[in-house]
Amino acid sequence: MQIGEPQRIIIVEPLDLPVGNPKHGPEPEPSILPEREPVDPEKVPVAP
Amino acid sequence: MKVPDIPDYVSPIVGYRVWAWGAIGLSSLNGDAWHPGRALTAKCPKADHEPAADGCSCGIYAARDYQHLVNIGYRRRIGVHGEVYLWGKICEHESGYRAKYAYPKNLTISEWCMMRLGIKMPRIETLVSYGVDVFFLPDEACERMLVWSREVGFNPSALERIAEKKQYKNQYKCLYGNKGCGENAVYCEPCNKRYEHFLWILNDDR
């Protein structure tokens, strides 16, 4: 494609990329949170 | 210590370009495939530097405006054209850009392209897979028609227009047997089966 003479170099880093992020590869899988300890209802503090 | 490049802009530059349109999707005129949902990343075939490098011809090309595509005869010659997002390192030229990263912003099918390729629904769906607005530009009209968008899906009016161009109008009967549809309708209005009918029309090999 004919686009004429070069003028200047610019750096464009969009805050929101139109699609994916080619720089950093695919997004990492979300980590799986550890299961919570079951709550003992008798130990739960109750507001007066 | 290398000082990181400070961005000049935080929104992508929008250029205009054409694509070759094959059975599985879009590609650059040099044959590089543009994959749905993935930015195209330029690589310099001549040197080990980051595109778009000053003093080199590497990078993904786009015109500065639509008129330039028309002036150099690209729009009519290729058929599928549209706006393209450009980002990363970009070399600005007098009438266009070379960029490191690119992804289509929208896509327009010209009537010339459609008549030449004999477009059927599966091929239109290859454009839909990019998830950007798809338009149809009848040669005799100044304004392009929205064919598909992420928000509303297919636009029945544009599909009807394409079906008319394919000269399928008046060549089928309603599959659903609704007498109100008539034999000459492109879509089955009373049955509200427009999209299914369009698939049937465009997948037909008559």
# chains A, B, ... in the order shown; residues from 1 in each chain; ligands from 1

$ select_by_dssp --residues "segment 92-170 of chain B" --states "helix (DSSP H, G or I)" --output "VMD selection string"
chain B and resid 111 to 117 121 to 128 156 to 165

$ interface_residues --of "chain B" --to "chain A" --cutoff "10 Å" --atoms "only C-alpha atoms" --output "JSON, numbers by chain"
{"B": [5, 6, 7, 8, 9, 10, 11, 12, 13, 17, 18, 29, 36, 37, 38, 39, 40, 41, 52, 53, 54, 55, 56, 57, 61, 62, 63, 64, 68, 69, 72, 74, 84, 85, 86, 87, 88, 89, 90, 91, 92, 93, 94, 95, 96, 97, 98, 99, 100, 101, 102, 103, 104, 105, 130, 131]}

$ residues_around --residues "segment 21-26 of chain B" --least-positions-apart "6" --cutoff "8 Å" --atoms "only C-alpha atoms" --output "VMD selection string"
chain B and resid 33 to 35 80 123 126 to 127

$ write_last_selection --atoms "N, CA and C atoms" --output "PDB file, in the first residue's frame"
ATOM      1  N   ALA B  33      -2.672 -14.275   7.935  1.00  0.00           N
ATOM      2  CA  ALA B  33      -4.056 -14.462   8.400  1.00  0.00           C
ATOM      3  C   ALA B  33      -4.358 -13.546   9.581  1.00  0.00           C
ATOM      4  N   TRP B  34      -5.570 -12.980   9.588  1.00  0.00           N
ATOM      5  CA  TRP B  34      -6.084 -12.203  10.720  1.00  0.00           C
ATOM      6  C   TRP B  34      -7.053 -13.112  11.456  1.00  0.00           C
ATOM      7  N   HIS B  35      -6.723 -13.470  12.701  1.00  0.00           N
ATOM      8  CA  HIS B  35      -7.545 -14.414  13.446  1.00  0.00           C
ATOM      9  C   HIS B  35      -8.591 -13.690  14.294  1.00  0.00           C
ATOM     10  N   VAL B  80     -13.425  -6.214   0.479  1.00  0.00           N
ATOM     11  CA  VAL B  80     -13.705  -6.063   1.902  1.00  0.00           C
ATOM     12  C   VAL B  80     -12.760  -5.003   2.457  1.00  0.00           C
ATOM     13  N   ARG B 123     -19.821 -17.832   4.580  1.00  0.00           N
ATOM     14  CA  ARG B 123     -18.723 -16.885   4.390  1.00  0.00           C
ATOM     15  C   ARG B 123     -19.006 -15.576   5.132  1.00  0.00           C
ATOM     16  N   THR B 126     -17.979 -15.846   8.621  1.00  0.00           N
ATOM     17  CA  THR B 126     -16.543 -15.718   8.932  1.00  0.00           C
ATOM     18  C   THR B 126     -16.214 -14.283   9.331  1.00  0.00           C
ATOM     19  N   LEU B 127     -16.940 -13.316   8.761  1.00  0.00           N
ATOM     20  CA  LEU B 127     -16.728 -11.914   9.162  1.00  0.00           C
ATOM     21  C   LEU B 127     -17.330 -11.656  10.533  1.00  0.00           C
TER      22      LEU B 127
END

$ select_by_dssp --residues "segment 53-97 of chain B" --states "strand (DSSP E)" --output "tab-separated table (two decimals) with N, CA, C and O atoms, in the first residue's frame"
chain	number	residue	atom	x	y	z
B	60	ILE	N	2.19	-3.34	10.02
B	60	ILE	CA	0.87	-3.57	9.42
B	60	ILE	C	0.40	-2.26	8.82
B	60	ILE	O	0.32	-1.25	9.52
B	61	TYR	N	0.07	-2.27	7.54
B	61	TYR	CA	-0.22	-1.04	6.82
B	61	TYR	C	-1.69	-0.66	6.90
B	61	TYR	O	-2.58	-1.51	6.90
B	62	ALA	N	-1.92	0.65	6.96
B	62	ALA	CA	-3.29	1.18	6.87
B	62	ALA	C	-3.22	2.58	6.29
B	62	ALA	O	-2.23	3.30	6.49
B	63	ALA	N	-4.28	2.96	5.58
B	63	ALA	CA	-4.36	4.33	5.05
B	63	ALA	C	-4.87	5.26	6.13
B	63	ALA	O	-5.53	4.84	7.08
B	80	VAL	N	-13.42	-6.21	0.48
B	80	VAL	CA	-13.71	-6.06	1.90
B	80	VAL	C	-12.76	-5.00	2.46
B	80	VAL	O	-11.55	-5.14	2.36
B	81	HIS	N	-13.35	-3.96	2.99
B	81	HIS	CA	-12.53	-2.89	3.55
B	81	HIS	C	-13.15	-2.44	4.86
B	81	HIS	O	-14.24	-2.88	5.23
B	82	GLY	N	-12.44	-1.58	5.57
B	82	GLY	CA	-12.99	-1.09	6.83
B	82	GLY	C	-11.96	-0.37	7.67
B	82	GLY	O	-10.81	-0.21	7.28
B	83	GLU	N	-12.46	0.06	8.84
B	83	GLU	CA	-11.57	0.73	9.78
B	83	GLU	C	-10.80	-0.32	10.57
B	83	GLU	O	-11.29	-1.43	10.80
B	84	VAL	N	-9.60	0.07	10.99
B	84	VAL	CA	-8.76	-0.86	11.73
B	84	VAL	C	-8.11	-0.14	12.90
B	84	VAL	O	-7.66	1.00	12.77
B	85	TYR	N	-8.13	-0.79	14.06
B	85	TYR	CA	-7.42	-0.25	15.21
B	85	TYR	C	-5.94	-0.55	15.06
B	85	TYR	O	-5.56	-1.68	14.71
B	86	LEU	N	-5.11	0.44	15.38
B	86	LEU	CA	-3.66	0.28	15.33
B	86	LEU	C	-3.09	0.70	16.67
B	86	LEU	O	-3.52	1.71	17.24
B	87	TRP	N	-2.14	-0.03	17.19
B	87	TRP	CA	-1.49	0.38	18.43
B	87	TRP	C	-0.09	-0.22	18.54
B	87	TRP	O	0.37	-0.92	17.64
B	88	GLY	N	0.56	0.07	19.67
B	88	GLY	CA	1.95	-0.32	19.82
B	88	GLY	C	2.84	0.74	19.19
B	88	GLY	O	2.51	1.93	19.19
B	89	LYS	N	3.94	0.31	18.63
B	89	LYS	CA	4.84	1.25	17.96
B	89	LYS	C	4.30	1.51	16.55
B	89	LYS	O	4.06	0.56	15.79
B	90	ILE	N	4.07	2.77	16.23
B	90	ILE	CA	3.47	3.13	14.94
B	90	ILE	C	4.33	4.16	14.23
B	90	ILE	O	4.79	5.12	14.84
B	91	CYS	N	4.56	3.94	12.95
B	91	CYS	CA	5.23	4.93	12.12
B	91	CYS	C	4.17	5.67	11.31
B	91	CYS	O	3.47	5.05	10.51
B	92	GLU	N	4.04	6.96	11.57
B	92	GLU	CA	3.08	7.78	10.82
B	92	GLU	C	3.70	8.18	9.49
B	92	GLU	O	4.85	8.65	9.47
B	93	HIS	N	2.95	8.01	8.41
B	93	HIS	CA	3.40	8.45	7.09
B	93	HIS	C	2.48	9.57	6.59
B	93	HIS	O	1.47	9.87	7.23
B	96	GLY	N	-0.74	7.51	5.66
B	96	GLY	CA	-1.09	6.24	6.29
B	96	GLY	C	-0.20	5.90	7.45
B	96	GLY	O	0.53	6.76	7.98
B	97	TYR	N	-0.26	4.65	7.86
B	97	TYR	CA	0.48	4.20	9.04
B	97	TYR	C	1.11	2.83	8.79
B	97	TYR	O	0.60	2.04	7.99

$ atom_distance --atom1 "atom CA of Gly15 of chain B" --atom2 "atom CA of Met121 of chain B"
27.8 Å

$ atom_distance --atom1 "atom CA of Met115 of chain B" --atom2 "atom CA of Ile162 of chain B"
9.7 Å
